[in-house]
file entry.txt (compact mmCIF, C-alpha atoms and all ligand atoms)
# COMPACT_ATOMS: atom_id res chain seq x y z
CA MET A 13 0.00 0.00 0.00
CA GLU A 14 1.68 3.14 -1.28
CA PHE A 15 0.46 6.71 -0.90
CA VAL A 16 -1.34 7.98 -3.99
CA SER A 17 0.92 11.03 -3.96
CA SER A 18 3.98 8.76 -4.35
CA TRP A 19 2.97 7.26 -7.70
CA CYS A 20 0.17 9.39 -9.21
CA ASN A 21 2.53 11.28 -11.50
CA ASN A 22 2.63 8.36 -13.93
CA GLY A 23 -0.70 9.60 -15.29
CA VAL A 24 -2.57 6.28 -15.05
CA LEU A 25 -5.70 5.47 -13.07
CA PRO A 26 -5.26 1.85 -11.92
CA PRO A 27 -8.36 -0.38 -12.29
CA SER A 28 -8.73 -0.70 -8.49
CA TYR A 29 -9.52 3.05 -8.41
CA VAL A 30 -12.25 2.85 -11.06
CA HIS A 31 -15.59 2.95 -9.24
CA PRO A 32 -18.76 1.24 -10.49
CA SER A 33 -20.97 3.28 -12.77
CA GLU A 34 -23.62 3.79 -10.02
CA THR A 35 -21.22 5.61 -7.68
CA ARG A 36 -18.66 7.19 -9.98
CA PRO A 37 -19.14 10.93 -10.54
CA GLY A 38 -19.39 10.63 -14.33
CA ASN A 39 -19.38 13.87 -16.25
CA LEU A 40 -19.21 15.95 -13.04
CA VAL A 41 -21.82 18.42 -14.22
CA VAL A 42 -23.46 19.95 -11.18
CA PRO A 43 -26.67 21.93 -11.55
CA PRO A 44 -25.88 25.65 -11.90
CA GLY A 45 -27.23 28.08 -9.36
CA THR A 46 -27.26 25.71 -6.43
CA SER A 47 -25.08 26.29 -3.41
CA ILE A 48 -25.11 25.85 0.34
CA PRO A 49 -25.99 28.85 2.54
CA VAL A 50 -23.23 31.31 3.45
CA ILE A 51 -23.71 32.84 6.91
CA ASP A 52 -22.00 36.11 7.78
CA PHE A 53 -21.21 36.20 11.49
CA ALA A 54 -20.59 39.93 11.35
CA GLY A 55 -23.62 40.78 9.27
CA HIS A 56 -26.51 39.71 11.51
CA ASP A 57 -27.62 39.85 15.10
CA ARG A 58 -27.43 36.74 17.24
CA ASN A 59 -31.09 35.78 16.75
CA GLN A 60 -30.77 35.98 12.98
CA ILE A 61 -27.63 33.84 13.09
CA ILE A 62 -29.42 31.23 15.20
CA GLN A 63 -32.31 31.11 12.72
CA LYS A 64 -29.99 30.89 9.70
CA ILE A 65 -27.87 28.11 11.17
CA LEU A 66 -30.90 26.08 12.23
CA LYS A 67 -32.51 26.45 8.83
CA ALA A 68 -29.29 25.48 7.02
CA GLY A 69 -28.86 22.54 9.40
CA GLU A 70 -32.38 21.33 8.67
CA GLU A 71 -32.36 21.87 4.90
CA TYR A 72 -28.78 21.11 3.91
CA GLY A 73 -26.86 19.88 6.93
CA PHE A 74 -24.14 22.17 5.55
CA PHE A 75 -23.31 25.87 5.56
CA GLN A 76 -20.30 28.15 5.21
CA VAL A 77 -19.38 30.84 7.72
CA ILE A 78 -17.58 34.08 6.90
CA ASN A 79 -16.38 36.87 9.21
CA HIS A 80 -15.94 34.21 11.88
CA GLY A 81 -13.06 35.97 13.63
CA VAL A 82 -10.31 33.44 12.85
CA SER A 83 -7.16 35.19 11.62
CA GLU A 84 -6.69 34.96 7.84
CA THR A 85 -2.92 34.80 8.35
CA LEU A 86 -3.35 31.72 10.52
CA MET A 87 -5.65 30.17 7.91
CA ASP A 88 -3.08 30.84 5.16
CA ASP A 89 -0.20 29.50 7.29
CA THR A 90 -2.25 26.37 8.00
CA MET A 91 -2.90 25.78 4.28
CA ASP A 92 0.84 26.24 3.57
CA VAL A 93 1.88 23.80 6.30
CA ILE A 94 -0.57 21.05 5.29
CA LYS A 95 0.47 21.30 1.65
CA GLU A 96 4.13 21.11 2.66
CA PHE A 97 3.37 18.07 4.80
CA HIS A 98 1.80 16.11 1.97
CA ALA A 99 4.58 17.18 -0.42
CA MET A 100 7.17 15.33 1.69
CA SER A 101 8.29 11.83 0.64
CA GLY A 102 6.27 8.83 1.81
CA MET A 103 9.14 7.71 4.04
CA GLU A 104 9.49 11.09 5.66
CA LYS A 105 5.75 11.39 6.33
CA GLN A 106 5.71 7.91 7.81
CA ARG A 107 8.61 8.76 10.10
CA GLU A 108 6.96 11.99 11.28
CA CYS A 109 3.72 10.14 12.07
CA SER A 110 5.19 7.27 14.10
CA LYS A 111 6.10 9.11 17.29
CA ASP A 112 3.34 7.67 19.47
CA PRO A 113 3.81 3.99 20.40
CA ASN A 114 0.01 3.81 20.73
CA GLY A 115 -0.46 5.01 17.16
CA SER A 116 -2.66 8.04 17.92
CA CYS A 117 -1.29 9.83 14.86
CA LYS A 118 -2.42 7.86 11.82
CA LEU A 119 -1.15 8.28 8.28
CA TYR A 120 -2.96 6.24 5.65
CA THR A 121 -4.16 6.15 2.09
CA SER A 122 -7.70 5.66 0.72
CA SER A 123 -9.57 4.65 3.92
CA LEU A 124 -8.54 3.26 7.33
CA ASP A 125 -9.29 -0.25 6.05
CA TYR A 126 -7.51 -0.41 2.69
CA PRO A 127 -7.32 -4.23 2.49
CA ALA A 128 -11.10 -4.59 2.88
CA GLU A 129 -11.98 -2.09 0.17
CA ASP A 130 -13.66 -3.08 -3.09
CA PHE A 131 -12.44 0.14 -4.68
CA HIS A 132 -9.79 2.53 -3.52
CA TYR A 133 -10.07 6.28 -3.03
CA TRP A 134 -7.82 8.88 -4.55
CA ARG A 135 -6.60 10.40 -1.30
CA ASP A 136 -3.90 10.27 1.37
CA ALA A 137 -4.78 11.29 4.92
CA LEU A 138 -3.38 12.11 8.33
CA ILE A 139 -5.56 12.09 11.43
CA HIS A 140 -4.59 12.86 15.01
CA PRO A 141 -6.22 14.02 18.24
CA CYS A 142 -5.72 17.62 19.37
CA ASN A 143 -7.08 17.84 22.92
CA PRO A 144 -5.69 18.15 25.55
CA ALA A 145 -2.97 19.91 23.59
CA GLU A 146 -0.04 19.11 25.91
CA GLU A 147 -0.74 15.37 25.70
CA CYS A 148 -1.26 15.26 21.93
CA ILE A 149 1.20 17.67 20.39
CA LYS A 150 4.30 15.74 21.46
CA PHE A 151 3.25 12.97 19.03
CA TRP A 152 2.54 15.24 16.07
CA PRO A 153 4.94 15.63 13.13
CA GLU A 154 7.96 17.90 13.68
CA LYS A 155 8.31 18.43 9.95
CA PRO A 156 7.43 20.76 8.29
CA THR A 157 9.23 22.68 11.02
CA ARG A 158 6.22 24.90 11.76
CA TYR A 159 3.73 22.01 11.93
CA ARG A 160 3.28 21.92 15.71
CA GLU A 161 3.25 25.68 16.14
CA VAL A 162 0.77 26.39 13.32
CA ILE A 163 -1.55 23.38 13.70
CA GLY A 164 -1.46 23.87 17.49
CA ALA A 165 -2.64 27.48 17.12
CA TYR A 166 -5.17 26.40 14.51
CA SER A 167 -6.64 23.72 16.82
CA VAL A 168 -7.14 26.30 19.58
CA GLU A 169 -9.04 28.56 17.17
CA MET A 170 -11.14 25.63 15.91
CA ARG A 171 -12.08 24.68 19.45
CA LYS A 172 -13.28 28.25 20.04
CA LEU A 173 -15.16 28.51 16.76
CA SER A 174 -16.78 25.08 17.10
CA SER A 175 -17.88 25.93 20.67
CA ARG A 176 -19.37 29.16 19.44
CA ILE A 177 -21.30 27.39 16.67
CA LEU A 178 -22.44 24.65 19.06
CA GLU A 179 -23.67 27.26 21.58
CA ILE A 180 -25.75 28.80 18.80
CA ILE A 181 -27.15 25.39 17.83
CA CYS A 182 -27.78 24.59 21.51
CA GLU A 183 -29.81 27.74 21.94
CA GLY A 184 -31.60 27.24 18.62
CA LEU A 185 -32.65 23.71 19.56
CA GLY A 186 -33.71 24.85 23.03
CA LEU A 187 -31.25 22.61 24.87
CA GLU A 188 -29.92 23.47 28.30
CA LYS A 189 -26.97 25.85 28.23
CA GLY A 190 -23.62 24.09 27.87
CA TYR A 191 -25.14 20.89 26.47
CA PHE A 192 -22.26 20.46 24.00
CA SER A 193 -19.44 21.92 26.12
CA SER A 194 -19.21 18.54 27.83
CA ASP A 195 -17.81 15.09 27.12
CA LEU A 196 -19.60 15.45 23.75
CA SER A 197 -16.82 17.73 22.49
CA GLU A 198 -13.89 16.49 24.58
CA ASN A 199 -12.01 14.45 21.98
CA PRO A 200 -11.63 16.55 18.83
CA LYS A 201 -9.43 15.39 15.97
CA ILE A 202 -7.70 17.04 13.06
CA ILE A 203 -7.80 15.30 9.69
CA ILE A 204 -5.68 16.48 6.79
CA ASN A 205 -6.83 15.11 3.44
CA HIS A 206 -4.78 15.29 0.27
CA TYR A 207 -6.29 14.55 -3.14
CA PRO A 208 -3.52 14.54 -5.78
CA VAL A 209 -4.03 15.57 -9.41
CA CYS A 210 -6.07 12.77 -10.95
CA PRO A 211 -5.86 11.51 -14.57
CA ASP A 212 -9.63 10.84 -14.79
CA PRO A 213 -11.91 12.42 -12.16
CA SER A 214 -15.03 11.05 -13.87
CA LEU A 215 -14.17 7.47 -12.85
CA THR A 216 -12.99 7.75 -9.27
CA LEU A 217 -13.64 9.47 -5.95
CA GLY A 218 -11.55 11.10 -3.23
CA LEU A 219 -14.12 10.03 -0.64
CA SER A 220 -17.35 8.13 -1.19
CA LYS A 221 -20.78 9.27 0.01
CA HIS A 222 -20.74 9.44 3.82
CA LYS A 223 -22.00 11.24 6.89
CA ASP A 224 -19.34 12.32 9.36
CA PRO A 225 -19.36 10.33 12.63
CA THR A 226 -19.06 13.64 14.51
CA VAL A 227 -21.14 16.24 16.31
CA ILE A 228 -20.07 18.85 13.76
CA SER A 229 -17.09 19.18 11.42
CA LEU A 230 -15.33 22.38 10.32
CA VAL A 231 -13.57 22.17 6.94
CA LEU A 232 -11.00 24.55 5.51
CA GLN A 233 -10.95 23.62 1.83
CA GLY A 234 -8.80 26.26 0.14
CA LEU A 235 -9.62 27.43 -3.36
CA ILE A 236 -9.89 24.13 -5.27
CA PRO A 237 -13.43 22.70 -5.45
CA GLY A 238 -14.14 19.01 -4.80
CA LEU A 239 -16.53 18.72 -1.86
CA GLN A 240 -20.13 17.90 -2.85
CA VAL A 241 -23.31 17.64 -0.76
CA LEU A 242 -26.31 15.46 -1.52
CA LYS A 243 -29.47 17.58 -1.42
CA ASP A 244 -32.83 16.22 -2.59
CA GLY A 245 -31.09 13.49 -4.57
CA GLN A 246 -28.75 15.92 -6.38
CA TRP A 247 -25.04 16.49 -5.79
CA ILE A 248 -24.25 20.14 -5.27
CA SER A 249 -20.76 21.54 -5.15
CA VAL A 250 -19.50 23.47 -2.12
CA GLN A 251 -18.10 26.55 -3.83
CA PRO A 252 -14.75 27.65 -2.46
CA HIS A 253 -15.18 30.93 -0.62
CA PRO A 254 -11.87 32.57 0.35
CA HIS A 255 -11.33 32.30 4.10
CA ALA A 256 -14.68 30.71 4.85
CA PHE A 257 -15.17 27.60 6.95
CA VAL A 258 -17.47 24.88 5.68
CA VAL A 259 -19.48 23.52 8.60
CA ASN A 260 -21.40 20.28 8.48
CA ILE A 261 -23.79 18.62 10.87
CA GLY A 262 -22.47 15.17 11.81
CA TYR A 263 -24.49 12.04 12.39
CA LEU A 264 -24.16 12.42 16.18
CA LEU A 265 -25.91 15.78 16.09
CA GLN A 266 -28.61 14.27 13.90
CA ILE A 267 -29.20 11.73 16.71
CA ILE A 268 -28.99 14.32 19.53
CA SER A 269 -31.45 16.60 17.71
CA ASN A 270 -33.71 13.57 17.14
CA GLY A 271 -33.55 14.07 13.40
CA LYS A 272 -34.33 17.80 13.43
CA LEU A 273 -30.87 18.56 12.04
CA ASN A 274 -29.60 16.63 9.09
CA GLY A 275 -26.24 14.86 9.15
CA ALA A 276 -25.81 15.49 5.46
CA GLU A 277 -24.28 13.02 3.05
CA HIS A 278 -21.30 14.32 1.16
CA ARG A 279 -18.43 13.07 -1.01
CA VAL A 280 -15.23 14.37 -2.56
CA VAL A 281 -14.45 14.37 -6.27
CA THR A 282 -10.94 14.74 -7.63
CA ASN A 283 -9.44 17.28 -9.99
CA ARG A 284 -7.56 16.87 -13.26
CA ASN A 285 -5.48 20.04 -13.02
CA ALA A 286 -4.77 20.77 -9.38
CA ALA A 287 -4.11 18.84 -6.20
CA ARG A 288 -6.45 19.64 -3.31
CA THR A 289 -5.45 19.63 0.36
CA THR A 290 -8.00 20.22 3.13
CA ILE A 291 -7.99 20.30 6.92
CA THR A 292 -11.03 19.36 8.98
CA TYR A 293 -11.69 19.74 12.69
CA PHE A 294 -13.88 16.86 13.83
CA VAL A 295 -15.83 17.44 17.07
CA PHE A 296 -15.79 14.00 18.70
CA PRO A 297 -17.06 12.83 22.10
CA THR A 298 -15.14 10.52 24.42
CA ASN A 299 -15.49 6.76 23.87
CA GLU A 300 -17.69 6.48 26.98
CA SER A 301 -20.07 9.29 25.97
CA LEU A 302 -23.69 8.30 25.70
CA ILE A 303 -25.19 9.41 22.38
CA LYS A 304 -28.96 9.88 22.53
CA PRO A 305 -31.75 12.21 21.49
CA ALA A 306 -31.92 15.16 23.89
CA LYS A 307 -34.77 14.71 26.38
CA VAL A 308 -36.36 18.10 25.73
CA LEU A 309 -36.73 17.22 22.04
CA THR A 310 -38.74 14.06 22.58
CA ASN A 311 -42.25 13.48 23.93
CA GLU A 312 -45.26 11.33 23.11
CA GLN A 313 -45.78 13.03 19.75
CA ASN A 314 -42.04 12.95 18.98
CA PRO A 315 -40.73 9.64 20.22
CA PRO A 316 -36.96 9.10 20.10
CA LEU A 317 -35.91 7.98 16.63
CA TYR A 318 -32.63 6.52 17.88
CA LYS A 319 -31.59 4.17 20.66
CA ASP A 320 -29.14 5.33 23.31
CA CYS A 321 -25.68 4.12 22.43
CA LYS A 322 -22.14 4.47 23.68
CA PHE A 323 -19.93 6.40 21.28
CA SER A 324 -17.39 3.55 21.04
CA ASP A 325 -20.18 1.15 19.94
CA PHE A 326 -21.52 3.71 17.50
CA PHE A 327 -18.06 4.12 16.02
CA THR A 328 -17.50 0.38 15.62
CA ALA A 329 -20.83 0.12 13.77
CA PHE A 330 -19.89 3.13 11.67
CA LEU A 331 -16.54 1.64 10.65
CA SER A 332 -18.21 -1.61 9.65
CA ARG A 333 -20.29 0.52 7.28
CA ALA A 334 -23.59 0.12 9.10
CA VAL A 335 -25.72 2.62 7.23
CA GLU A 336 -27.55 4.20 10.16
CA PRO A 337 -25.96 3.16 13.46
CA CYS A 338 -28.11 3.49 16.60
CA THR A 339 -31.43 3.06 14.80
C1 LIG B 401 -14.04 14.12 5.65
C2 LIG B 401 -14.49 15.02 4.56
C3 LIG B 401 -14.01 16.83 3.03
C4 LIG B 401 -12.87 17.36 2.20
O1 LIG B 401 -12.81 14.05 5.90
O2 LIG B 401 -14.91 13.49 6.28
O3 LIG B 401 -15.65 14.98 4.21
O4 LIG B 401 -13.16 18.22 1.37
N1 LIG B 401 -13.60 15.88 4.00
O5 LIG B 401 -11.72 16.91 2.36
NI NI B 402 -16.82 14.03 5.72
call {"tool": "encode", "arguments": {"input": "entry.txt", "output": "structure tokens"}}
result
Amino acid sequence: MEFVSSWCNNGVLPPSYVHPSETRPGNLVVPPGTSIPVIDFAGHDRNQIIQKILKAGEEYGFFQVINHGVSETLMDDTMDVIKEFHAMSGMEKQRECSKDPNGSCKLYTSSLDYPAEDFHYWRDALIHPCNPAEECIKFWPEKPTRYREVIGAYSVEMRKLSSRILEIICEGLGLEKGYFSSDLSENPKIIINHYPVCPDPSLTLGLSKHKDPTVISLVLQGLIPGLQVLKDGQWISVQPHPHAFVVNIGYLLQIISNGKLNGAEHRVVTNRNAARTTITYFVFPTNESLIKPAKVLTNEQNPPLYKDCKFSDFFTAFLSRAVEPCT
């Protein structure tokens, strides 16, 4: 198993990367004029922002935020560092990701279970925890030289921004204050995806259709398109918006909101002319966290749509590709 970035320059798409006609993107034409909502944190009062986020969470499960207060310099430095990381040789990346004997920092290609895959995905990835910082950072890569400094600062900002968004959602759903600033957001992870230039994007995928196994996820996608959201049976492209964050409702928040918010299905298509590197902050609970519909959102008319389940059990079911764990 070699990283796609190590051999993709030969210009050939190996047969194991060619997806069946039902799931391949085909001609990649996406309907014009469709896009996910863009929410301006500086342009509205708090009540308007609550309404807009709830509506986007119900209708799309996806939205972008602008004027979110995260420094553009830090966002640019982060993009530079993640591109530099994936530009290193396979051996060097492997060495930089093997510092924890428990393997908390994982470098892989395609998906976490490459040998079990019917078809491979055109991506390389790095995932590692980022909280508590002092326990995690010592196992992160030390190359590129600014990795720990920049990604450390970025993680702090993502924790703040995700808390802010979750407080808004908490209020919008009518949950008790601080509902999400608990074990539900204690174990966040950073994932850095790299989708190299691809000889034939119509036949393959960077990531197949999935819901994130998270509460919410915050994506910084740079200027190269590739992320698509399934809305009413149609794939719509998430248009790159300079210095915006793409936020998506994860499957855990779909459960907690008892189906009011939509853990939207999304996928990633590849690009013929430019490589695409993204960084996502996954809001994850602890393994012991109990995932269940919030009490105040259920009653006789609205019975719980999901069974209570421990996050570790949910995650096992998720990895074994159970379509809707906890139902
Ligand atoms: C993911 C994901 C989107 C992207 O890692 O779950 O959907 O554009 N990433 O890389
Ligand atoms: Ni995802």
call {"tool": "residues_near_ligand", "arguments": {"input": "entry.txt", "ligand": "ligand LIG 401 (chain B)", "cutoff": "8 Å", "atoms": "all atoms listed in the file", "output": "list in words"}}
result
Ile203, Ile204, Asn205, His206, Leu219, His222, Lys223, Asp224, Ser229, Val231, Leu232, Gln233, Gly238, Leu239, His278, Arg279, Val280, Thr289, Thr290, Ile291 and Thr292 of chain A
call {"tool": "closest_residue", "arguments": {"input": "entry.txt", "among": "A:Lys272, A:Arg288, A:Lys189, A:Lys221", "to": "ligand NI 402 (chain B)", "atoms": "all atoms listed in the file"}}
result
A:Lys221
call {"tool": "closest_residue", "arguments": {"input": "entry.txt", "among": "A:Ile177, A:Val93, A:Ile202, A:Leu235", "to": "Gly190 in chain A", "atoms": "only C-alpha atoms"}}
result
A:Ile177
call {"tool": "closest_residue", "arguments": {"input": "entry.txt", "among": "A:Leu265, A:Leu124, A:Ile139, A:Ala276", "to": "ligand NI 402 (chain B)", "atoms": "all atoms listed in the file"}}
result
A:Ala276
call {"tool": "residues_around", "arguments": {"input": "entry.txt", "residues": "Glu277 in chain A", "least_positions_apart": "3", "cutoff": "12 Å", "atoms": "all atoms listed in the file", "output": "list in words"}}
result
Tyr72, Gly73, Phe74, Leu219, Ser220, Lys221, His222, Lys223, Asp224, Pro225, Leu239, Gln240, Val241, Leu242, Lys243, Asp244, Gly245, Gln246, Trp247, Ile248, Asn260, Ile261, Gly262, Tyr263, Gln266, Asn274, Val280, Val335 and Glu336 of chain A
call {"tool": "closest_residue", "arguments": {"input": "entry.txt", "among": "A:Val295, A:Leu86, A:Ile65, A:Ala165", "to": "ligand NI 402 (chain B)", "atoms": "all atoms listed in the file"}}
result
A:Val295
call {"tool": "closest_residue", "arguments": {"input": "entry.txt", "among": "A:Ala256, A:Asn143, A:Val227, A:His31", "to": "ligand NI 402 (chain B)", "atoms": "only C-alpha atoms and all ligand atoms"}}
result
A:Val227
call {"tool": "residues_around", "arguments": {"input": "entry.txt", "residues": "Gln106 in chain A", "least_positions_apart": "6", "cutoff": "12 Å", "atoms": "all atoms listed in the file", "output": "list in words"}}
result
Glu14, Phe15, Phe97, His98, Met100, Asp112, Gly115, Cys117, Lys118, Leu119, Tyr120, Thr121, Asp136, Ala137, Leu138, Trp152, Pro153, Glu154 and Lys155 of chain A
call {"tool": "closest_residue", "arguments": {"input": "entry.txt", "among": "A:Cys210, A:Lys172, A:Ile228, A:Thr282", "to": "ligand NI 402 (chain B)", "atoms": "only C-alpha atoms and all ligand atoms"}}
result
A:Ile228
call {"tool": "residues_around", "arguments": {"input": "entry.txt", "residues": "range 53-61 of chain A", "least_positions_apart": "3", "cutoff": "8 Å", "atoms": "all atoms listed in the file", "output": "ChimeraX atom specification"}}
result
/A:64-65,77-80,180
call {"tool": "write_last_selection", "arguments": {"input": "entry.txt", "atoms": "C-alpha atoms", "output": "PDB file, keeping the file's coordinate frame"}}
result
ATOM      1  CA  LYS A  64     -29.990  30.890   9.700  1.00  0.00           C
ATOM      2  CA  ILE A  65     -27.870  28.110  11.170  1.00  0.00           C
ATOM      3  CA  VAL A  77     -19.380  30.840   7.720  1.00  0.00           C
ATOM      4  CA  ILE A  78     -17.580  34.080   6.900  1.00  0.00           C
ATOM      5  CA  ASN A  79     -16.380  36.870   9.210  1.00  0.00           C
ATOM      6  CA  HIS A  80     -15.940  34.210  11.880  1.00  0.00           C
ATOM      7  CA  ILE A 180     -25.750  28.800  18.800  1.00  0.00           C
TER       8      ILE A 180
END
call {"tool": "atom_distance", "arguments": {"input": "entry.txt", "atom1": "CA of Thr157 in chain A", "atom2": "CA of Glu96 in chain A"}}
result
9.9 Å
call {"tool": "atom_distance", "arguments": {"input": "entry.txt", "atom1": "CA of Asp52 in chain A", "atom2": "CA of Pro200 in chain A"}}
result
24.7 Å
call {"tool": "atom_distance", "arguments": {"input": "entry.txt", "atom1": "CA of Asn199 in chain A", "atom2": "CA of Lys150 in chain A"}}
result
16.4 Å
call {"tool": "residues_around", "arguments": {"input": "entry.txt", "residues": "His132 in chain A", "least_positions_apart": "6", "cutoff": "10 Å", "atoms": "only C-alpha atoms", "output": "list in words"}}
result
Pro26, Pro27, Ser28, Tyr29, Val30, His31, Thr121, Ser122, Ser123, Asp125, Tyr126, Thr216, Leu217, Gly218, Leu219 and Ser220 of chain A
call {"tool": "residues_near_point", "arguments": {"input": "entry.txt", "point": "(-0.7, 29.7, 7.9)", "cutoff": "12 Å", "atoms": "all atoms listed in the file", "output": "PyMOL selection string"}}
result
chain A and resi 82-96+158-166+232+234+255+291
